[in-house]
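Single-structure report; data block below.
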Amino acid sequence: MPARLRQVLGTDAHVNVIVVERADVIGPDLGPGPRPVIEDALRELGVTLKLGAGVASIDANGVLLADGSRIDGATVIWTAGLQANELTQQIDAERDRQGRLHVTPELRVVGQDRIFAAGDTAFAATDDNGNHALMSCQHAMNLGRSAGHNAAADLLDIAIIPYDQVGYVTCLDLGPWGAVLTEGWDRKVKLAGKEAKDLKRQINTIWIYPPRADLAEAFAAADPTRRLV
Ligand SMILES: Cc1cc2nc3c(=O)[nH]c(=O)nc-3n(C[C@H](O)[C@H](O)[C@H](O)COP(=O)(O)OP(=O)(O)OC[C@H]3O[C@@H](n4cnc5c(N)ncnc54)[C@H](O)[C@@H]3O)c2cc1C
């Protein structure tokens with residue numbers, strides 16, 4: 001944001017980008033592994049952190065914080081509060097905090113044998129260690145492959161393949177500073193800076209795109225045993 005704003009407003013423009021976070025640390029869900037890298041990047045980019053601060057309301061002139069103080073701002077960007085699509089509410093089944101449907105390893109909605117859920121609508125175990133899929137492309141793509149295969153297999157009476165996804169990485173974009181790549185659910189830093197950014201660009205420009213309209217490529221991409229990570 002600071003670099004983009006200066007591009008638009010001029011290099012001498014007074015730019016003040018503040019991240020407001022309710023937790024006492026930045027990126028609380030990411031854990032302590034990548035935090036020093038994220039803090040360094042934000043500092044170097046000139047982003048200010050306002051930690052331990054809840055947002056009480058947003059109006060045309062900025063943000064009112066829970067402690068009664070205000071941050072005046074020309075623009076407020078709200079990025080919190082992932083929720084599963086509201087269609088999931090039509091299904092009589094157990095949901096998690098984000099509204100995702102609890103599913104079996106086959107990706108059938110628990111208690112609704114004829115309904116499969118995938119992607120951002122599924123609360124699915126990824127392994128036997130208590131980890132669950134996140135609302136992310138990485139999980140959505142594999143959940144889609146498995147749910148698609150299993151729904152068809154159910155109709156055709158062929159073998160169902162249980163979903164699992166033991167490998168897990170995060171690749172977090174940090175703007176012009178670069179990116180940070182972590183591996184595993186304890187998020188050990190594997191790459192930081194330019195190398196991680198090159199990978200992030202590959203993910204965003206190649207990996208997440210559907211295959212070409214070619215039957216062999218489409219079937220290979222839909223293979224439920226295929227894992228990119
Ligand atoms: C701004 C943003 C940035 C993100 N960045 C990342 C990232 O860097 N890395 C990452 O891993 N994940 C990222 N995600 C999360 C990722 O995009 C999702 O987890 C993933 O797209 C979920 O896939 P999905 O197939 O479940 O749902 P979606 O990709 O949301 O697809 C659902 C589709 O269903 C359609 N639809 C909805 N309702 C109906 C209806 N009633 N009838 C018919 N069609 C309907 C929608 O239009 C949409 O095309 C990001 C998400 C957002 C919003």
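Order determines the names: the first chain of the structure tokens is A, the second B, and so forth; residues in each chain are numbered 1 upward, and ligands are numbered 1 upward as they are shown.
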
| task | List the neighbours of region 156-162 of chain A out to 7 Å using only C-alpha atoms; skip same-chain residues closer than 3 positions along the sequence, and give me the result as a PyMOL selection string. | result | chain A and resi 105-106+150+152-153

Counting only C-alpha atoms and all ligand atoms, which residues in chain A sit no more than 6 Å from ligand 1? For each one, give the nearest pair of atoms and the distance in Å, sorted by chain then residue number, as a tab-separated table.
residue	atom	partner	partner_atom_place_in_ligand_line	distance
A:Gly119	CA	ligand 1	26 (O)	3.2
A:Asp120	CA	ligand 1	26 (O)	3.9
A:Met135	CA	ligand 1	19 (O)	4.0
A:Ser136	CA	ligand 1	19 (O)	3.3
A:Cys137	CA	ligand 1	11 (O)	3.7
A:Gln138	CA	ligand 1	11 (O)	5.0
A:Ala140	CA	ligand 1	23 (O)	4.8

| task | Excluding Arg4 (chain A) and any residue of its chain fewer than 3 positions from it, enumerate the residues within 12 Å of it, using only C-alpha atoms, and give them as a list in words. | result |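 Those residues are Met1, Gln7, Val8, Leu9, Gly10, Thr11, Ala13, Val15, Val17, Leu45, Gly175 and Pro176 of chain A.
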
With all heavy atoms kept, could you save the residues just selected as an mmCIF file, in the first residue's frame?
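Here's the written file result.cif:
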data_model
loop_
_atom_site.group_PDB
_atom_site.id
_atom_site.type_symbol
_atom_site.label_atom_id
_atom_site.label_comp_id
_atom_site.auth_asym_id
_atom_site.auth_seq_id
_atom_site.Cartn_x
_atom_site.Cartn_y
_atom_site.Cartn_z
ATOM 1 N N MET A 1 0.808 -1.220 0.000
ATOM 2 C CA MET A 1 0.000 0.000 0.000
ATOM 3 C C MET A 1 0.846 1.277 0.000
ATOM 4 O O MET A 1 0.565 2.179 -0.794
ATOM 5 C CB MET A 1 -0.976 0.010 1.199
ATOM 6 C CG MET A 1 -2.111 -0.979 1.103
ATOM 7 S SD MET A 1 -3.259 -0.659 -0.254
ATOM 8 C CE MET A 1 -3.934 0.920 0.179
ATOM 9 N N GLN A 7 2.928 5.896 -5.714
ATOM 10 C CA GLN A 7 2.878 5.851 -7.187
ATOM 11 C C GLN A 7 1.748 6.752 -7.701
ATOM 12 O O GLN A 7 1.883 7.456 -8.686
ATOM 13 C CB GLN A 7 2.558 4.417 -7.627
ATOM 14 C CG GLN A 7 3.602 3.800 -8.504
ATOM 15 C CD GLN A 7 3.239 2.342 -8.790
ATOM 16 O OE1 GLN A 7 2.111 1.889 -8.610
ATOM 17 N NE2 GLN A 7 4.237 1.600 -9.230
ATOM 18 N N VAL A 8 0.613 6.698 -6.982
ATOM 19 C CA VAL A 8 -0.567 7.447 -7.428
ATOM 20 C C VAL A 8 -0.479 8.912 -6.991
ATOM 21 O O VAL A 8 -0.766 9.821 -7.761
ATOM 22 C CB VAL A 8 -1.847 6.804 -6.837
ATOM 23 C CG1 VAL A 8 -3.088 7.630 -7.186
ATOM 24 C CG2 VAL A 8 -1.999 5.387 -7.347
ATOM 25 N N LEU A 9 -0.048 9.137 -5.747
ATOM 26 C CA LEU A 9 -0.133 10.482 -5.162
ATOM 27 C C LEU A 9 1.160 11.281 -5.289
ATOM 28 O O LEU A 9 1.198 12.460 -4.957
ATOM 29 C CB LEU A 9 -0.507 10.378 -3.667
ATOM 30 C CG LEU A 9 -1.814 9.630 -3.370
ATOM 31 C CD1 LEU A 9 -1.975 9.409 -1.872
ATOM 32 C CD2 LEU A 9 -3.007 10.405 -3.917
ATOM 33 N N GLY A 10 2.240 10.612 -5.711
ATOM 34 C CA GLY A 10 3.534 11.295 -5.820
ATOM 35 C C GLY A 10 4.467 10.860 -4.697
ATOM 36 O O GLY A 10 4.016 10.523 -3.590
ATOM 37 N N THR A 11 5.772 10.881 -4.980
ATOM 38 C CA THR A 11 6.742 10.328 -4.024
ATOM 39 C C THR A 11 6.801 11.124 -2.718
ATOM 40 O O THR A 11 7.201 10.602 -1.684
ATOM 41 C CB THR A 11 8.153 10.286 -4.647
ATOM 42 O OG1 THR A 11 8.376 11.494 -5.350
ATOM 43 C CG2 THR A 11 8.334 9.099 -5.567
ATOM 44 N N ALA A 13 4.199 12.430 -1.194
ATOM 45 C CA ALA A 13 2.891 12.434 -0.523
ATOM 46 C C ALA A 13 3.023 11.896 0.903
ATOM 47 O O ALA A 13 3.844 11.010 1.169
ATOM 48 C CB ALA A 13 1.919 11.574 -1.308
ATOM 49 N N VAL A 15 1.948 9.543 3.362
ATOM 50 C CA VAL A 15 1.202 8.274 3.324
ATOM 51 C C VAL A 15 1.298 7.613 4.685
ATOM 52 O O VAL A 15 2.395 7.452 5.223
ATOM 53 C CB VAL A 15 1.815 7.357 2.230
ATOM 54 C CG1 VAL A 15 1.372 5.929 2.403
ATOM 55 C CG2 VAL A 15 1.453 7.873 0.849
ATOM 56 N N VAL A 17 -0.110 4.222 6.460
ATOM 57 C CA VAL A 17 -0.881 2.975 6.405
ATOM 58 C C VAL A 17 -0.774 2.285 7.762
ATOM 59 O O VAL A 17 0.322 1.997 8.247
ATOM 60 C CB VAL A 17 -0.347 2.040 5.285
ATOM 61 C CG1 VAL A 17 -1.083 0.705 5.292
ATOM 62 C CG2 VAL A 17 -0.466 2.712 3.929
ATOM 63 N N LEU A 45 8.685 -1.526 4.959
ATOM 64 C CA LEU A 45 7.744 -0.952 3.991
ATOM 65 C C LEU A 45 7.083 0.310 4.516
ATOM 66 O O LEU A 45 6.391 1.014 3.784
ATOM 67 C CB LEU A 45 6.656 -1.987 3.653
ATOM 68 C CG LEU A 45 7.125 -3.214 2.864
ATOM 69 C CD1 LEU A 45 6.032 -4.277 2.828
ATOM 70 C CD2 LEU A 45 7.513 -2.830 1.444
ATOM 71 N N GLY A 175 4.290 -7.713 -0.324
ATOM 72 C CA GLY A 175 4.452 -6.544 -1.193
ATOM 73 C C GLY A 175 5.844 -6.459 -1.792
ATOM 74 O O GLY A 175 6.485 -7.476 -2.062
ATOM 75 N N PRO A 176 6.353 -5.232 -2.000
ATOM 76 C CA PRO A 176 7.664 -5.071 -2.635
ATOM 77 C C PRO A 176 8.799 -5.681 -1.804
ATOM 78 O O PRO A 176 9.890 -5.909 -2.318
ATOM 79 C CB PRO A 176 7.852 -3.550 -2.730
ATOM 80 C CG PRO A 176 6.548 -2.944 -2.390
ATOM 81 C CD PRO A 176 5.724 -3.957 -1.666
#

| said: Residues within 8 Å of region 197-201 of chain A, please, as a list of chain:residue names. Count only C-alpha atoms; anything in the same chain fewer than 5 positions from it doesn't count. | reply: A:Cys171, A:Leu172, A:Asp173, A:Gly178, A:Ala179, A:Val180, A:Ala192

Limited to N, CA, C and O atoms, could you put the picked residues into a file as a PDB file, in the first residue's frame?
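What follows is the written file selection.pdb:
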ATOM      1  N   CYS A 171       2.432 -19.408   1.805  1.00  0.00           N
ATOM      2  CA  CYS A 171       3.297 -18.473   1.075  1.00  0.00           C
ATOM      3  C   CYS A 171       2.605 -17.117   1.150  1.00  0.00           C
ATOM      4  O   CYS A 171       1.599 -16.888   0.484  1.00  0.00           O
ATOM      5  N   LEU A 172       3.130 -16.264   2.001  1.00  0.00           N
ATOM      6  CA  LEU A 172       2.478 -14.990   2.317  1.00  0.00           C
ATOM      7  C   LEU A 172       3.170 -13.852   1.581  1.00  0.00           C
ATOM      8  O   LEU A 172       4.367 -13.633   1.754  1.00  0.00           O
ATOM      9  N   ASP A 173       2.396 -13.127   0.762  1.00  0.00           N
ATOM     10  CA  ASP A 173       2.945 -12.003   0.003  1.00  0.00           C
ATOM     11  C   ASP A 173       3.194 -10.830   0.937  1.00  0.00           C
ATOM     12  O   ASP A 173       2.338 -10.488   1.759  1.00  0.00           O
ATOM     13  N   GLY A 178       8.878  -8.692  -0.654  1.00  0.00           N
ATOM     14  CA  GLY A 178       9.054 -10.098  -1.036  1.00  0.00           C
ATOM     15  C   GLY A 178       7.899 -10.933  -0.517  1.00  0.00           C
ATOM     16  O   GLY A 178       6.737 -10.540  -0.613  1.00  0.00           O
ATOM     17  N   ALA A 179       8.224 -12.079   0.060  1.00  0.00           N
ATOM     18  CA  ALA A 179       7.196 -12.976   0.597  1.00  0.00           C
ATOM     19  C   ALA A 179       7.873 -13.887   1.614  1.00  0.00           C
ATOM     20  O   ALA A 179       9.101 -13.850   1.776  1.00  0.00           O
ATOM     21  N   VAL A 180       7.056 -14.672   2.327  1.00  0.00           N
ATOM     22  CA  VAL A 180       7.645 -15.653   3.245  1.00  0.00           C
ATOM     23  C   VAL A 180       6.951 -17.000   3.021  1.00  0.00           C
ATOM     24  O   VAL A 180       5.730 -17.061   2.899  1.00  0.00           O
ATOM     25  N   ALA A 192      12.491 -16.641   2.485  1.00  0.00           N
ATOM     26  CA  ALA A 192      11.987 -15.293   2.768  1.00  0.00           C
ATOM     27  C   ALA A 192      12.575 -14.333   1.747  1.00  0.00           C
ATOM     28  O   ALA A 192      13.682 -14.543   1.254  1.00  0.00           O
TER      29      ALA A 192
END

| message | Need to verify the contact set: region 70-84 of chain A, 7 Å, only C-alpha atoms, exclusion of same-chain residues closer than 6 positions in sequence. Can you return it as a PyMOL selection string? | response | chain A and resi 61-64+98-100+120-121

Keeping only N, CA and C atoms, write the selected residues as a JSON list (two decimals), in the first residue's frame.
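Result file follows (again15.json):
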[["chain", "number", "residue", "atom", "x", "y", "z"],
["A", 61, "ASN", "N", -15.23, 8.85, 7.96],
["A", 61, "ASN", "CA", -13.96, 9.55, 8.20],
["A", 61, "ASN", "C", -12.90, 8.69, 8.88],
["A", 62, "GLY", "N", -13.16, 7.41, 9.08],
["A", 62, "GLY", "CA", -12.15, 6.56, 9.70],
["A", 62, "GLY", "C", -12.74, 5.49, 10.60],
["A", 63, "VAL", "N", -11.97, 5.16, 11.64],
["A", 63, "VAL", "CA", -12.30, 4.01, 12.49],
["A", 63, "VAL", "C", -12.38, 4.44, 13.95],
["A", 64, "LEU", "N", -13.40, 3.93, 14.64],
["A", 64, "LEU", "CA", -13.48, 4.14, 16.08],
["A", 64, "LEU", "C", -13.03, 2.84, 16.75],
["A", 98, "GLN", "N", -17.05, -20.87, 11.32],
["A", 98, "GLN", "CA", -17.11, -20.11, 10.06],
["A", 98, "GLN", "C", -18.27, -20.57, 9.17],
["A", 99, "GLY", "N", -19.12, -21.43, 9.74],
["A", 99, "GLY", "CA", -20.29, -21.89, 8.98],
["A", 99, "GLY", "C", -20.01, -23.06, 8.06],
["A", 100, "ARG", "N", -18.79, -23.65, 8.16],
["A", 100, "ARG", "CA", -18.45, -24.77, 7.27],
["A", 100, "ARG", "C", -19.08, -26.07, 7.78],
["A", 120, "ASP", "N", -14.34, -23.94, 0.55],
["A", 120, "ASP", "CA", -14.64, -23.08, 1.70],
["A", 120, "ASP", "C", -15.89, -23.50, 2.47],
["A", 121, "THR", "N", -16.63, -24.49, 1.96],
["A", 121, "THR", "CA", -17.85, -24.90, 2.66],
["A", 121, "THR", "C", -17.62, -26.12, 3.55]]

| said: Among region 43-197 of chain A, which ones does DSSP assign to strand (DSSP E or B) (computed from the backbone)? Answer as number ranges by chain. | reply: A: 47-51, 55-59, 62-65, 70-72, 95, 101-103, 108-109, 112-116, 122-123, 125, 132, 169-173, 179-183, 188-193
